[in-house]
Amino acid sequence: MDDLDLSAVRERIDRVLEAFLSRQVRRARARPAGADLEQAVAGFVASGGKRLRPVLCVLGWYAAGGQEPPPPAVWRAAAALELFHAFALVHDDVMDDSDHRRGRATVHRAFAAGHDRGGPRAARRVGLGAAILAGDLALTWSDDLLRTAGLRPDRLADAQALVSAMRADTVYGQFLDLTTPGPAAGVEAALEIARYKTAKYSFEHPLHLGAALAGAPGR
């Protein structure tokens, strides 16, 4: 644990994600509409990010006494957190009407730019709708990767319970951010938003998930 190479952890997570996303895109190409949506999600995930949540999940595994190295199921479960993060970012960009993410056009802006029929209003509608669907797909894939990670049934049940709590907290935090009337709401309201929208799903829940995967008795 003292000599854990975090760069190597990120590289391992990236390999898991690349293999999983490549399979999803290949399968989608068999459909009549092709794989535009799947490629958008895969491209977004591959476009950057520190892989903070998967890394913290692996650290939680070690902190709770997990054996070295983590088995493949743990890496896949950790990588599922990055797909949930993609869902959250894509939908957040829609709600914030953001133009750029990770140095490139946001997903809804990219889809709108690719829809050149019907004028700007139609392009915006397609962009927003397609981005919502892309976020939904990333969330679905997060479920799929966790469910098929290869965890034994009791560990999978623990992991799914923690992930469900993480998702509920994130949605609650996003709703608070959307509906709280800015700085006038005060410091306590801002801290509540930060806790639920960011801190819980970025730090607390990934660490707890790693501990659960290692068989920690209480979290």
# chains A, B, ... in the order shown; residues from 1 in each chain; ligands from 1
$ residues_around --residues "Ala73 in chain A" --least-positions-apart "3" --cutoff "9 Å" --atoms "only C-alpha atoms" --output "number ranges by chain"
A: 70, 76-78, 146, 148-151
$ select_by_dssp --residues "range 129-194 of chain A" --states "alpha helix (DSSP H)" --output "PyMOL selection string"
chain A and resi 129-147+153-179+187-193
$ closest_atom_pairs --of "range 87-124 of chain A" --to "range 172-176 of chain A" --cutoff "12 Å" --atoms "only C-alpha atoms" --output "Markdown table"
| residue | atom | partner | partner_atom | distance |
| --- | --- | --- | --- | --- |
| A:Ala88 | CA | A:Gln174 | CA | 9.0 |
| A:Leu89 | CA | A:Gln174 | CA | 10.8 |
| A:His91 | CA | A:Gln174 | CA | 9.8 |
| A:Asp92 | CA | A:Gln174 | CA | 7.9 |
| A:Asp93 | CA | A:Gln174 | CA | 11.5 |
| A:Met95 | CA | A:Gln174 | CA | 9.4 |
| A:Asp96 | CA | A:Gln174 | CA | 10.8 |
$ write_last_selection --atoms "N, CA, C and O atoms" --output "mmCIF file, in the first residue's frame"
data_model
loop_
_atom_site.group_PDB
_atom_site.id
_atom_site.type_symbol
_atom_site.label_atom_id
_atom_site.label_comp_id
_atom_site.auth_asym_id
_atom_site.auth_seq_id
_atom_site.Cartn_x
_atom_site.Cartn_y
_atom_site.Cartn_z
ATOM 1 N N ALA A 88 -23.263 12.060 -14.785
ATOM 2 C CA ALA A 88 -23.479 13.272 -13.994
ATOM 3 C C ALA A 88 -22.969 14.511 -14.723
ATOM 4 O O ALA A 88 -23.633 15.561 -14.723
ATOM 5 N N LEU A 89 -21.810 14.404 -15.362
ATOM 6 C CA LEU A 89 -21.243 15.558 -16.053
ATOM 7 C C LEU A 89 -22.056 15.946 -17.279
ATOM 8 O O LEU A 89 -22.297 17.138 -17.522
ATOM 9 N N HIS A 91 -25.248 15.438 -17.924
ATOM 10 C CA HIS A 91 -26.500 16.061 -17.518
ATOM 11 C C HIS A 91 -26.258 17.420 -16.851
ATOM 12 O O HIS A 91 -27.050 18.357 -17.028
ATOM 13 N N ASP A 92 -25.184 17.546 -16.092
ATOM 14 C CA ASP A 92 -24.861 18.824 -15.468
ATOM 15 C C ASP A 92 -24.607 19.893 -16.525
ATOM 16 O O ASP A 92 -25.038 21.045 -16.371
ATOM 17 N N ASP A 93 -23.920 19.534 -17.595
ATOM 18 C CA ASP A 93 -23.655 20.489 -18.669
ATOM 19 C C ASP A 93 -24.946 20.936 -19.349
ATOM 20 O O ASP A 93 -25.065 22.092 -19.771
ATOM 21 N N MET A 95 -27.925 21.122 -17.819
ATOM 22 C CA MET A 95 -28.610 22.018 -16.879
ATOM 23 C C MET A 95 -27.926 23.370 -16.767
ATOM 24 O O MET A 95 -28.588 24.398 -16.570
ATOM 25 N N ASP A 96 -26.599 23.380 -16.903
ATOM 26 C CA ASP A 96 -25.850 24.644 -16.813
ATOM 27 C C ASP A 96 -25.714 25.350 -18.157
ATOM 28 O O ASP A 96 -25.154 26.451 -18.220
#
$ residues_around --residues "Pro69 in chain A" --least-positions-apart "2" --cutoff "12 Å" --atoms "only C-alpha atoms" --output "list in words"
Met1, Leu4, Asp5, Ala8, Val9, Arg12, Val58, Leu59, Trp61, Tyr62, Gly65, Gly66, Gln67, Pro71, Pro72, Ala73, Val74, Trp75 and Ala214 of chain A
$ closest_residue --among "A:Val41, A:Cys57, A:Ala168, A:Ala112" --to "Tyr196 in chain A" --atoms "only C-alpha atoms"
A:Ala168
$ select_by_dssp --residues "chain A" --states "strand (DSSP E or B)" --output "PyMOL selection string"
chain A and resi 100-101+104-105
$ atom_distance --atom1 "CA of Gly48 in chain A" --atom2 "CA of Ile193 in chain A"
24.9 Å
$ closest_residue --among "A:Arg15, A:Arg109, A:Arg10, A:Arg102" --to "Pro54 in chain A" --atoms "only C-alpha atoms"
A:Arg10
$ residues_around --residues "Arg26 in chain A" --least-positions-apart "4" --cutoff "8 Å" --atoms "only C-alpha atoms" --output "MDAnalysis selection string"
chainID A and resid 22 30 35
$ closest_residue --among "A:Leu128, A:Ala110, A:Pro183, A:Ala64" --to "Ala216 in chain A" --atoms "only C-alpha atoms"
A:Ala64
$ closest_residue --among "A:Val94, A:Leu6, A:Ala86, A:Ala189" --to "Gly129 in chain A" --atoms "only C-alpha atoms"
A:Val94
$ residues_around --residues "His115 in chain A" --least-positions-apart "6" --cutoff "9 Å" --atoms "only C-alpha atoms" --output "count of residues only"
5
$ residues_around --residues "range 199-209 of chain A" --least-positions-apart "6" --cutoff "6 Å" --atoms "only C-alpha atoms" --output "mmCIF file with all heavy atoms, in the first residue's frame"
data_model
loop_
_atom_site.group_PDB
_atom_site.id
_atom_site.type_symbol
_atom_site.label_atom_id
_atom_site.label_comp_id
_atom_site.auth_asym_id
_atom_site.auth_seq_id
_atom_site.Cartn_x
_atom_site.Cartn_y
_atom_site.Cartn_z
ATOM 1 N N ARG A 53 -12.613 8.953 -8.783
ATOM 2 C CA ARG A 53 -13.534 8.068 -8.057
ATOM 3 C C ARG A 53 -13.102 6.601 -8.125
ATOM 4 O O ARG A 53 -13.086 5.918 -7.093
ATOM 5 C CB ARG A 53 -14.951 8.296 -8.567
ATOM 6 C CG ARG A 53 -15.467 9.672 -8.179
ATOM 7 C CD ARG A 53 -16.456 10.270 -9.182
ATOM 8 N NE ARG A 53 -16.643 11.698 -8.886
ATOM 9 C CZ ARG A 53 -15.854 12.658 -9.394
ATOM 10 N NH1 ARG A 53 -14.845 12.343 -10.210
ATOM 11 N NH2 ARG A 53 -16.071 13.913 -9.082
ATOM 12 N N LEU A 56 -10.056 6.240 -5.819
ATOM 13 C CA LEU A 56 -10.426 6.216 -4.405
ATOM 14 C C LEU A 56 -11.090 4.899 -4.023
ATOM 15 O O LEU A 56 -10.926 4.418 -2.894
ATOM 16 C CB LEU A 56 -11.350 7.384 -4.081
ATOM 17 C CG LEU A 56 -10.672 8.757 -4.033
ATOM 18 C CD1 LEU A 56 -11.710 9.861 -3.868
ATOM 19 C CD2 LEU A 56 -9.649 8.827 -2.903
ATOM 20 N N CYS A 57 -11.820 4.312 -4.938
ATOM 21 C CA CYS A 57 -12.412 3.002 -4.669
ATOM 22 C C CYS A 57 -11.310 1.962 -4.426
ATOM 23 O O CYS A 57 -11.389 1.168 -3.480
ATOM 24 C CB CYS A 57 -13.293 2.591 -5.845
ATOM 25 S SG CYS A 57 -14.108 0.995 -5.644
ATOM 26 N N GLY A 60 -9.824 2.574 -1.111
ATOM 27 C CA GLY A 60 -10.709 2.059 -0.076
ATOM 28 C C GLY A 60 -10.555 0.563 0.112
ATOM 29 O O GLY A 60 -10.610 0.048 1.238
ATOM 30 N N MET A 166 -25.342 6.490 -3.303
ATOM 31 C CA MET A 166 -24.524 7.507 -3.967
ATOM 32 C C MET A 166 -25.330 8.246 -5.026
ATOM 33 O O MET A 166 -25.299 9.483 -5.121
ATOM 34 C CB MET A 166 -23.302 6.851 -4.599
ATOM 35 C CG MET A 166 -22.424 7.795 -5.408
ATOM 36 S SD MET A 166 -21.129 6.920 -6.328
ATOM 37 C CE MET A 166 -22.115 6.146 -7.625
#
$ closest_residue --among "A:Ala190, A:Ala165, A:Ala134, A:Leu83" --to "Val45 in chain A" --atoms "only C-alpha atoms"
A:Leu83
